[in-house]
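Asker: Please find one structure pasted underneath; my questions will follow.
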Amino acid sequence: MNAREFARRRRQLMRMMEPNSIAILPAAPQQLRNRDVEYPYRQDSDFHYLSGFPEPEALLVLVPGRKAGAFLMFCRERNREQEIWTGHRAGPEGAVEDFGADDAFPIGDLDDILPGLIEGRERIYYTLGVRPEFDQKLIGWVNRLRAQARAGTHPPLEFIALEHLLHDLRLYKSAAEVRAMRRAARIAGKGHRRAMQCCRPGLYEYQLEAELTRAFRNEGCEHAYAPIVGGGANGCILHYTRNDAPLRDGDLVLIDAGAEYRCYASDVTRTFPVNGRFSPAQRALYELVLDAQAAAIEQVRPGNHWNDPHDAAVKVLTRGLVRLGLLEGRPARLVRDGAYRRFYMHRTGHWLGLDVHDVGDYKVGDEWRVLEPGMALTVEPGLYVPPGTRGVARKWKGIGIRIEDDLVVTRDGHEVLSAGIPKQVDEIEALMN
């Protein structure tokens, strides 16, 4: 993203704000991992979306109509001694020169400057509940202004949820965002292919995770989320992340892993046989999930509703489960009764972007949202038959399958950003053997 992209986003947001208002957004705090060791820093997604500024201890302020400039930043000052330990800081000068702020101030001056910016504004756009410590500071400043009302101050009249506007903006991806997400998906594909090529019985799940990490870091990426590497029955645990079990001959392994490129996530799942060959039972369930995914992907196009891909996947899965003997009854009735949830208990996708489960409403009022160009989402049907499942043939037990790809809605349909990562049975077996 270049400076023009961030400036365009700020202008869009300010055009949506009510007159005589102010928007306030704090950066993500640094988090301790243990004792005095911190996790690698990752900026708050909303803060990044509007500024690209990568440091903690910062505050972004938008004041539409301010004569001296609408975009203000508070951030850490340059400090030679601290920078020896933790690296370069932009400082207020860098916030202006490198990140486009109209004005920038030391974060230590917040108490002296921000109340004056708030005073006289009728509305504050802010997300309450995410940063409780800052919530208390902001409410304290507003209450102080209210206490001085008799002296002529003009405190804000209301708080408005900033995320209501900002998250709707984030739902529609620009061309630059799609390019970043396409690259994140391509890099994820390198990791998944590498894991398929390296897999063999006797390895541990964490050794496949290491191959993913190697592929991602070689491209300058991090994991977009804690990867799932579930061999055998572990593939039936939807959010399995221990990744510490041995991979057994005759089992499948389910890998759900995505790369994060410049804060944009990919989210890809592939399932394949540890020994490189699907058994007949594994192949039957796998191809059923693959057919369900194809039916769901076909529904991703402008004018369709968010739930259409899920409905399509559920119909295919239910008919297939009846055909294979895992469910009994008329498919239409089983769909209405939700009988498929015994083997397929999650939704078929989610929004994707700066967050792996990205922001944006799935419904508008009581209706599922209509898909529009620029929206990015995953399509990820699955089937899970844990070992203790009753009333099913032994050959199905311990099989967990999910197939997930990343898509963006286009003017005339969709683009599969993660296309090219093997998922057909013959492709997978050829790559592994």
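Going by the structure tokens order, chains are called A, B, ..., each with residues numbered from 1, while ligands are numbered from 1 in the order shown.
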Could you name the residues that touch A:Glu158 at 10 Å or less, counting only C-alpha atoms, but leaving out those on the same chain fewer than 5 positions away, as a PyMOL selection string?
Answerer: chain A and resi 21+121-125
Asker: Using only C-alpha atoms, determine which residues lie at most 12 Å from A:Phe6, disregarding the query and same-chain residues fewer than 4 positions distant; provide the list as a PyMOL selection string.
Answerer: chain A and resi 1-2+10-13+46-53+71+98-101+170+174+176-177
Asker: Let's see if you can do this: from backbone DSSP, list all helix (DSSP H, G or I) residues in stretch 46-180 of chain A, as JSON, numbers by chain.
Answerer: {"A": [46, 47, 48, 49, 50, 51, 80, 81, 82, 83, 84, 85, 86, 91, 92, 93, 94, 95, 96, 97, 107, 108, 109, 110, 111, 112, 113, 114, 115, 116, 117, 118, 132, 133, 134, 135, 136, 137, 138, 139, 140, 141, 142, 143, 144, 145, 146, 147, 149, 150, 151, 162, 163, 164, 165, 166, 167, 168, 169, 170, 171, 175, 176, 177, 178, 179, 180]}
Asker: Go ahead and write the selection's residues with C-alpha atoms as a PDB file, in the first residue's frame.
Answerer:
```
ATOM      1  CA  ASP A  46      -8.220  -0.662  11.895  1.00  0.00           C
ATOM      2  CA  PHE A  47      -5.223   1.504  12.794  1.00  0.00           C
ATOM      3  CA  HIS A  48      -3.167  -0.037  10.001  1.00  0.00           C
ATOM      4  CA  TYR A  49      -6.025   0.380   7.517  1.00  0.00           C
ATOM      5  CA  LEU A  50      -6.102   4.143   8.054  1.00  0.00           C
ATOM      6  CA  SER A  51      -2.401   4.893   8.480  1.00  0.00           C
ATOM      7  CA  ARG A  80      18.553   7.291  20.748  1.00  0.00           C
ATOM      8  CA  GLU A  81      19.044   5.104  23.824  1.00  0.00           C
ATOM      9  CA  GLN A  82      15.748   3.233  23.370  1.00  0.00           C
ATOM     10  CA  GLU A  83      16.323   2.820  19.651  1.00  0.00           C
ATOM     11  CA  ILE A  84      19.605   1.011  20.378  1.00  0.00           C
ATOM     12  CA  TRP A  85      17.540  -1.687  22.091  1.00  0.00           C
ATOM     13  CA  THR A  86      14.327  -1.837  20.093  1.00  0.00           C
ATOM     14  CA  GLY A  91       8.760  10.069  15.916  1.00  0.00           C
ATOM     15  CA  PRO A  92       6.333  12.937  15.276  1.00  0.00           C
ATOM     16  CA  GLU A  93       8.521  14.140  12.397  1.00  0.00           C
ATOM     17  CA  GLY A  94       8.347  10.747  10.676  1.00  0.00           C
ATOM     18  CA  ALA A  95       4.593  10.549  11.264  1.00  0.00           C
ATOM     19  CA  VAL A  96       4.270  13.693   9.144  1.00  0.00           C
ATOM     20  CA  GLU A  97       6.973  13.045   6.554  1.00  0.00           C
ATOM     21  CA  ILE A 107       2.305  10.646  22.933  1.00  0.00           C
ATOM     22  CA  GLY A 108       3.288  12.105  26.308  1.00  0.00           C
ATOM     23  CA  ASP A 109       1.434  15.317  25.414  1.00  0.00           C
ATOM     24  CA  LEU A 110      -1.882  13.515  24.956  1.00  0.00           C
ATOM     25  CA  ASP A 111      -3.442  14.814  28.191  1.00  0.00           C
ATOM     26  CA  ASP A 112      -2.613  18.394  27.272  1.00  0.00           C
ATOM     27  CA  ILE A 113      -3.698  18.377  23.624  1.00  0.00           C
ATOM     28  CA  LEU A 114      -6.479  15.846  22.983  1.00  0.00           C
ATOM     29  CA  PRO A 115      -9.120  17.364  25.331  1.00  0.00           C
ATOM     30  CA  GLY A 116      -8.758  20.611  23.413  1.00  0.00           C
ATOM     31  CA  LEU A 117      -9.374  18.791  20.131  1.00  0.00           C
ATOM     32  CA  ILE A 118     -12.462  17.127  21.585  1.00  0.00           C
ATOM     33  CA  PRO A 132     -10.503  -0.546  28.334  1.00  0.00           C
ATOM     34  CA  GLU A 133      -7.657   1.552  29.733  1.00  0.00           C
ATOM     35  CA  PHE A 134      -7.998   4.130  26.988  1.00  0.00           C
ATOM     36  CA  ASP A 135     -11.799   4.009  27.339  1.00  0.00           C
ATOM     37  CA  GLN A 136     -11.388   5.290  30.891  1.00  0.00           C
ATOM     38  CA  LYS A 137      -9.021   8.078  29.818  1.00  0.00           C
ATOM     39  CA  LEU A 138     -11.340   9.237  27.054  1.00  0.00           C
ATOM     40  CA  ILE A 139     -14.437   9.159  29.259  1.00  0.00           C
ATOM     41  CA  GLY A 140     -12.472  11.041  31.911  1.00  0.00           C
ATOM     42  CA  TRP A 141     -11.591  13.832  29.456  1.00  0.00           C
ATOM     43  CA  VAL A 142     -15.213  14.099  28.315  1.00  0.00           C
ATOM     44  CA  ASN A 143     -16.495  14.189  31.911  1.00  0.00           C
ATOM     45  CA  ARG A 144     -13.976  16.902  32.732  1.00  0.00           C
ATOM     46  CA  LEU A 145     -15.268  18.987  29.830  1.00  0.00           C
ATOM     47  CA  ARG A 146     -18.839  18.412  30.975  1.00  0.00           C
ATOM     48  CA  ALA A 147     -17.938  19.570  34.479  1.00  0.00           C
ATOM     49  CA  ALA A 149     -19.745  23.464  30.891  1.00  0.00           C
ATOM     50  CA  ARG A 150     -20.760  26.417  33.083  1.00  0.00           C
ATOM     51  CA  ALA A 151     -17.408  28.006  32.303  1.00  0.00           C
ATOM     52  CA  LEU A 162     -16.466   4.044  14.803  1.00  0.00           C
ATOM     53  CA  GLU A 163     -16.459   0.402  13.716  1.00  0.00           C
ATOM     54  CA  HIS A 164     -19.929   0.764  12.178  1.00  0.00           C
ATOM     55  CA  LEU A 165     -18.464   2.971   9.440  1.00  0.00           C
ATOM     56  CA  LEU A 166     -14.903   1.709   9.323  1.00  0.00           C
ATOM     57  CA  HIS A 167     -15.700  -1.985   9.106  1.00  0.00           C
ATOM     58  CA  ASP A 168     -18.089  -1.424   6.239  1.00  0.00           C
ATOM     59  CA  LEU A 169     -15.272   0.336   4.363  1.00  0.00           C
ATOM     60  CA  ARG A 170     -12.907  -2.550   5.069  1.00  0.00           C
ATOM     61  CA  LEU A 171     -15.380  -5.056   3.627  1.00  0.00           C
ATOM     62  CA  ALA A 175      -7.215  -3.359  -6.257  1.00  0.00           C
ATOM     63  CA  ALA A 176      -4.121  -2.899  -4.081  1.00  0.00           C
ATOM     64  CA  GLU A 177      -5.650  -4.975  -1.307  1.00  0.00           C
ATOM     65  CA  VAL A 178      -6.587  -7.759  -3.720  1.00  0.00           C
ATOM     66  CA  ARG A 179      -2.998  -7.812  -5.004  1.00  0.00           C
ATOM     67  CA  ALA A 180      -1.706  -8.202  -1.449  1.00  0.00           C
TER      68      ALA A 180
END
```
Asker: Which of these, A:His192, A:Arg394, A:His154, A:Lys363, has the shortest distance to A:Arg270 once you count only C-alpha atoms?
Answerer: A:His192
Asker: Please provide the set of residues having any atom within 6 Å of A:Ala104, restricted to only C-alpha atoms, with same-chain residues fewer than 3 positions apart removed, written as a ChimeraX atom specification.
Answerer: /A:72-74,92
Asker: Please write the residues from the selection above to a file, keeping C-alpha atoms, as a PDB file, in the first residue's frame.
Answerer:
```pdb
ATOM      1  CA  LEU A  72      -3.314  14.030  13.466  1.00  0.00           C
ATOM      2  CA  MET A  73      -1.038  11.496  15.112  1.00  0.00           C
ATOM      3  CA  PHE A  74       0.329  11.068  18.605  1.00  0.00           C
ATOM      4  CA  PRO A  92       6.333  12.937  15.276  1.00  0.00           C
TER       5      PRO A  92
END
```
Asker: As a ChimeraX atom specification, list the residues of stretch 191-262 of chain A assigned to strand (DSSP E or B) by DSSP on the backbone atoms of this structure.
Answerer: /A:204,222-223,228-231,246,252-257,259-261
Asker: Using only C-alpha atoms, which residues sit within 12 Å of A:Trp351 once same-chain residues fewer than 5 positions away are excluded, as a PyMOL selection string?
Answerer: chain A and resi 167-168+170-173+265-267+306+356-362+369+371+374-380+405-409
Asker: Taking into account only C-alpha atoms, which residue in the set A:Arg347, A:Trp396, A:Asn307, A:Leu417 is nearest to A:Trp368?
Answerer: A:Asn307
Asker: When you count only C-alpha atoms, which of these residues is closest to A:Gly65: A:Arg15, A:Arg390, A:Arg4, A:Arg42?
Answerer: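 Distance minimum relative to A:Gly65 lands on A:Arg15.
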Asker: Restricting the calculation to only C-alpha atoms, which member of A:Glu77, A:Asp102, A:Glu328, A:Glu38 is positioned closest to A:Ala7?
Answerer: A:Asp102
Asker: So what do you get for atom CA of A:Pro26 versus atom CA of A:Ala58, distance-wise?
Answerer: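 Going from atom CA of A:Pro26 over to atom CA of A:Ala58 covers 6.1 Å.
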Asker: Can you pull out every residue within 12 Å of A:Gly232, counting only C-alpha atoms, but drop anything in the same chain fewer than 2 positions away, and send it as a PyMOL selection string?
Answerer: chain A and resi 201+204-205+229-230+234-237+240+243+245-255+271-275+282+384-387+396-401
Asker: Include N, CA and C atoms and write out the residues we just selected as an mmCIF file, in the first residue's frame.
Answerer:
```
data_model
loop_
_atom_site.group_PDB
_atom_site.id
_atom_site.type_symbol
_atom_site.label_atom_id
_atom_site.label_comp_id
_atom_site.auth_asym_id
_atom_site.auth_seq_id
_atom_site.Cartn_x
_atom_site.Cartn_y
_atom_site.Cartn_z
ATOM 1 N N PRO A 201 4.762 -41.232 6.651
ATOM 2 C CA PRO A 201 4.493 -41.815 7.965
ATOM 3 C C PRO A 201 5.717 -41.735 8.876
ATOM 4 N N TYR A 204 6.247 -36.067 12.625
ATOM 5 C CA TYR A 204 5.318 -35.471 13.587
ATOM 6 C C TYR A 204 4.616 -34.279 12.932
ATOM 7 N N GLU A 205 3.450 -33.979 13.450
ATOM 8 C CA GLU A 205 2.674 -32.857 12.905
ATOM 9 C C GLU A 205 3.501 -31.575 12.904
ATOM 10 N N VAL A 229 -2.395 -28.487 12.099
ATOM 11 C CA VAL A 229 -1.845 -29.660 11.405
ATOM 12 C C VAL A 229 -2.361 -30.871 12.162
ATOM 13 N N GLY A 230 -3.460 -31.450 11.688
ATOM 14 C CA GLY A 230 -4.136 -32.518 12.410
ATOM 15 C C GLY A 230 -4.098 -33.830 11.654
ATOM 16 N N ASN A 234 -7.174 -36.184 14.828
ATOM 17 C CA ASN A 234 -6.957 -34.771 15.171
ATOM 18 C C ASN A 234 -7.542 -33.844 14.112
ATOM 19 N N GLY A 235 -7.709 -34.331 12.906
ATOM 20 C CA GLY A 235 -8.340 -33.526 11.853
ATOM 21 C C GLY A 235 -9.817 -33.299 12.089
ATOM 22 N N CYS A 236 -10.400 -34.042 13.034
ATOM 23 C CA CYS A 236 -11.802 -33.846 13.392
ATOM 24 C C CYS A 236 -11.987 -32.788 14.466
ATOM 25 N N ILE A 237 -10.876 -32.260 15.018
ATOM 26 C CA ILE A 237 -10.936 -31.190 16.025
ATOM 27 C C ILE A 237 -10.794 -29.871 15.270
ATOM 28 N N TYR A 240 -7.856 -27.500 16.321
ATOM 29 C CA TYR A 240 -6.700 -28.224 16.867
ATOM 30 C C TYR A 240 -5.414 -27.461 16.541
ATOM 31 N N ASN A 243 -0.497 -29.787 17.417
ATOM 32 C CA ASN A 243 0.443 -30.161 16.348
ATOM 33 C C ASN A 243 1.644 -30.947 16.868
ATOM 34 N N ALA A 245 1.496 -34.654 17.450
ATOM 35 C CA ALA A 245 1.277 -36.099 17.362
ATOM 36 C C ALA A 245 2.005 -36.676 16.140
ATOM 37 N N PRO A 246 2.357 -37.963 16.201
ATOM 38 C CA PRO A 246 2.972 -38.605 15.032
ATOM 39 C C PRO A 246 1.953 -38.818 13.924
ATOM 40 N N LEU A 247 2.430 -38.812 12.685
ATOM 41 C CA LEU A 247 1.592 -39.034 11.512
ATOM 42 C C LEU A 247 1.662 -40.520 11.152
ATOM 43 N N ARG A 248 0.492 -41.145 11.067
ATOM 44 C CA ARG A 248 0.446 -42.595 10.927
ATOM 45 C C ARG A 248 0.092 -43.014 9.496
ATOM 46 N N ASP A 249 0.706 -44.097 9.083
ATOM 47 C CA ASP A 249 0.400 -44.683 7.785
ATOM 48 C C ASP A 249 -1.094 -45.023 7.714
ATOM 49 N N GLY A 250 -1.749 -44.636 6.629
ATOM 50 C CA GLY A 250 -3.168 -44.919 6.455
ATOM 51 C C GLY A 250 -4.095 -43.819 6.906
ATOM 52 N N ASP A 251 -3.566 -42.790 7.587
ATOM 53 C CA ASP A 251 -4.380 -41.656 8.033
ATOM 54 C C ASP A 251 -4.337 -40.521 7.021
ATOM 55 N N LEU A 252 -5.293 -39.622 7.131
ATOM 56 C CA LEU A 252 -5.233 -38.330 6.458
ATOM 57 C C LEU A 252 -4.592 -37.309 7.390
ATOM 58 N N VAL A 253 -4.094 -36.220 6.824
ATOM 59 C CA VAL A 253 -3.665 -35.080 7.627
ATOM 60 C C VAL A 253 -4.333 -33.826 7.068
ATOM 61 N N LEU A 254 -4.925 -33.048 7.948
ATOM 62 C CA LEU A 254 -5.626 -31.813 7.584
ATOM 63 C C LEU A 254 -4.742 -30.637 8.000
ATOM 64 N N ILE A 255 -4.405 -29.788 7.039
ATOM 65 C CA ILE A 255 -3.592 -28.599 7.322
ATOM 66 C C ILE A 255 -4.393 -27.354 6.971
ATOM 67 N N THR A 271 -6.386 -31.252 2.704
ATOM 68 C CA THR A 271 -6.378 -32.529 3.402
ATOM 69 C C THR A 271 -5.813 -33.578 2.453
ATOM 70 N N PHE A 272 -4.863 -34.387 2.930
ATOM 71 C CA PHE A 272 -4.215 -35.348 2.040
ATOM 72 C C PHE A 272 -3.748 -36.564 2.840
ATOM 73 N N PRO A 273 -3.475 -37.678 2.158
ATOM 74 C CA PRO A 273 -3.087 -38.900 2.860
ATOM 75 C C PRO A 273 -1.625 -38.854 3.293
ATOM 76 N N VAL A 274 -1.366 -39.289 4.500
ATOM 77 C CA VAL A 274 -0.007 -39.286 5.036
ATOM 78 C C VAL A 274 0.932 -40.097 4.140
ATOM 79 N N ASN A 275 0.450 -41.215 3.622
ATOM 80 C CA ASN A 275 1.312 -42.080 2.807
ATOM 81 C C ASN A 275 1.239 -41.777 1.316
ATOM 82 N N GLN A 282 -11.604 -42.874 2.257
ATOM 83 C CA GLN A 282 -11.116 -41.498 2.308
ATOM 84 C C GLN A 282 -11.431 -40.765 1.020
ATOM 85 N N TYR A 384 -16.531 -34.460 9.168
ATOM 86 C CA TYR A 384 -15.743 -34.915 10.318
ATOM 87 C C TYR A 384 -16.457 -36.097 10.972
ATOM 88 N N VAL A 385 -15.737 -37.220 11.061
ATOM 89 C CA VAL A 385 -16.300 -38.438 11.669
ATOM 90 C C VAL A 385 -15.330 -38.889 12.764
ATOM 91 N N PRO A 386 -15.448 -38.335 13.978
ATOM 92 C CA PRO A 386 -14.524 -38.702 15.050
ATOM 93 C C PRO A 386 -14.599 -40.191 15.366
ATOM 94 N N PRO A 387 -13.551 -40.751 15.987
ATOM 95 C CA PRO A 387 -13.500 -42.191 16.245
ATOM 96 C C PRO A 387 -14.694 -42.735 17.029
ATOM 97 N N TRP A 396 -15.309 -45.280 8.098
ATOM 98 C CA TRP A 396 -15.418 -43.816 8.075
ATOM 99 C C TRP A 396 -14.793 -43.167 9.305
ATOM 100 N N LYS A 397 -14.613 -43.910 10.374
ATOM 101 C CA LYS A 397 -14.237 -43.320 11.663
ATOM 102 C C LYS A 397 -12.792 -42.803 11.647
ATOM 103 N N GLY A 398 -12.616 -41.638 12.251
ATOM 104 C CA GLY A 398 -11.289 -41.025 12.313
ATOM 105 C C GLY A 398 -10.936 -40.191 11.103
ATOM 106 N N ILE A 399 -11.900 -39.991 10.202
ATOM 107 C CA ILE A 399 -11.645 -39.181 9.006
ATOM 108 C C ILE A 399 -12.152 -37.758 9.233
ATOM 109 N N GLY A 400 -11.254 -36.799 9.064
ATOM 110 C CA GLY A 400 -11.615 -35.386 9.105
ATOM 111 C C GLY A 400 -11.118 -34.715 7.841
ATOM 112 N N ILE A 401 -12.009 -34.033 7.129
ATOM 113 C CA ILE A 401 -11.661 -33.425 5.834
ATOM 114 C C ILE A 401 -12.207 -32.007 5.776
#
```
Asker: At a cut-off of 6 Å, using only C-alpha atoms, what residues contact A:Val268? Leave out same-chain residues fewer than 5 positions from it and give the result as a list of chain:residue names.
Answerer: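 Once the nearby chain positions are removed, what remains is A:Asp256, A:Ala257, A:Gly258, A:Glu404, A:Asp405.
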Asker: Would you mind exporting N, CA and C atoms of the selected residues as a PDB file, in the first residue's frame?
Answerer:
```pdb
ATOM      1  N   ASP A 256      -4.631 -26.535   7.981  1.00  0.00           N
ATOM      2  CA  ASP A 256      -5.308 -25.246   7.824  1.00  0.00           C
ATOM      3  C   ASP A 256      -4.281 -24.185   8.197  1.00  0.00           C
ATOM      4  N   ALA A 257      -3.725 -23.511   7.177  1.00  0.00           N
ATOM      5  CA  ALA A 257      -2.635 -22.563   7.425  1.00  0.00           C
ATOM      6  C   ALA A 257      -2.635 -21.487   6.359  1.00  0.00           C
ATOM      7  N   GLY A 258      -2.438 -20.244   6.788  1.00  0.00           N
ATOM      8  CA  GLY A 258      -2.391 -19.134   5.853  1.00  0.00           C
ATOM      9  C   GLY A 258      -1.234 -18.206   6.161  1.00  0.00           C
ATOM     10  N   GLU A 404     -10.413 -25.646   1.737  1.00  0.00           N
ATOM     11  CA  GLU A 404     -10.705 -24.209   1.870  1.00  0.00           C
ATOM     12  C   GLU A 404      -9.888 -23.403   0.881  1.00  0.00           C
ATOM     13  N   ASP A 405     -10.578 -22.475   0.205  1.00  0.00           N
ATOM     14  CA  ASP A 405      -9.922 -21.547  -0.712  1.00  0.00           C
ATOM     15  C   ASP A 405     -10.379 -20.123  -0.433  1.00  0.00           C
TER      16      ASP A 405
END
```
Asker: Pick from A:Gln424, A:Gln197, A:Thr389, A:Thr410: nearest to A:Phe343, with only C-alpha atoms counted?
Answerer: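 Ranked by minimum distance to A:Phe343, first place goes to A:Thr389.
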Asker: Using only C-alpha atoms, which of the listed residues (A:His310, A:Arg193, A:Arg76, A:Arg9) sits closest to A:Ala295?
Answerer: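 Closest to A:Ala295, using only C-alpha atoms: A:His310.
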Asker: Would you work out the distance separating atom CA of A:Arg66 from atom CA of A:Ala27, expressed in Å to one decimal?
Answerer: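 It comes out at 22.2 Å.
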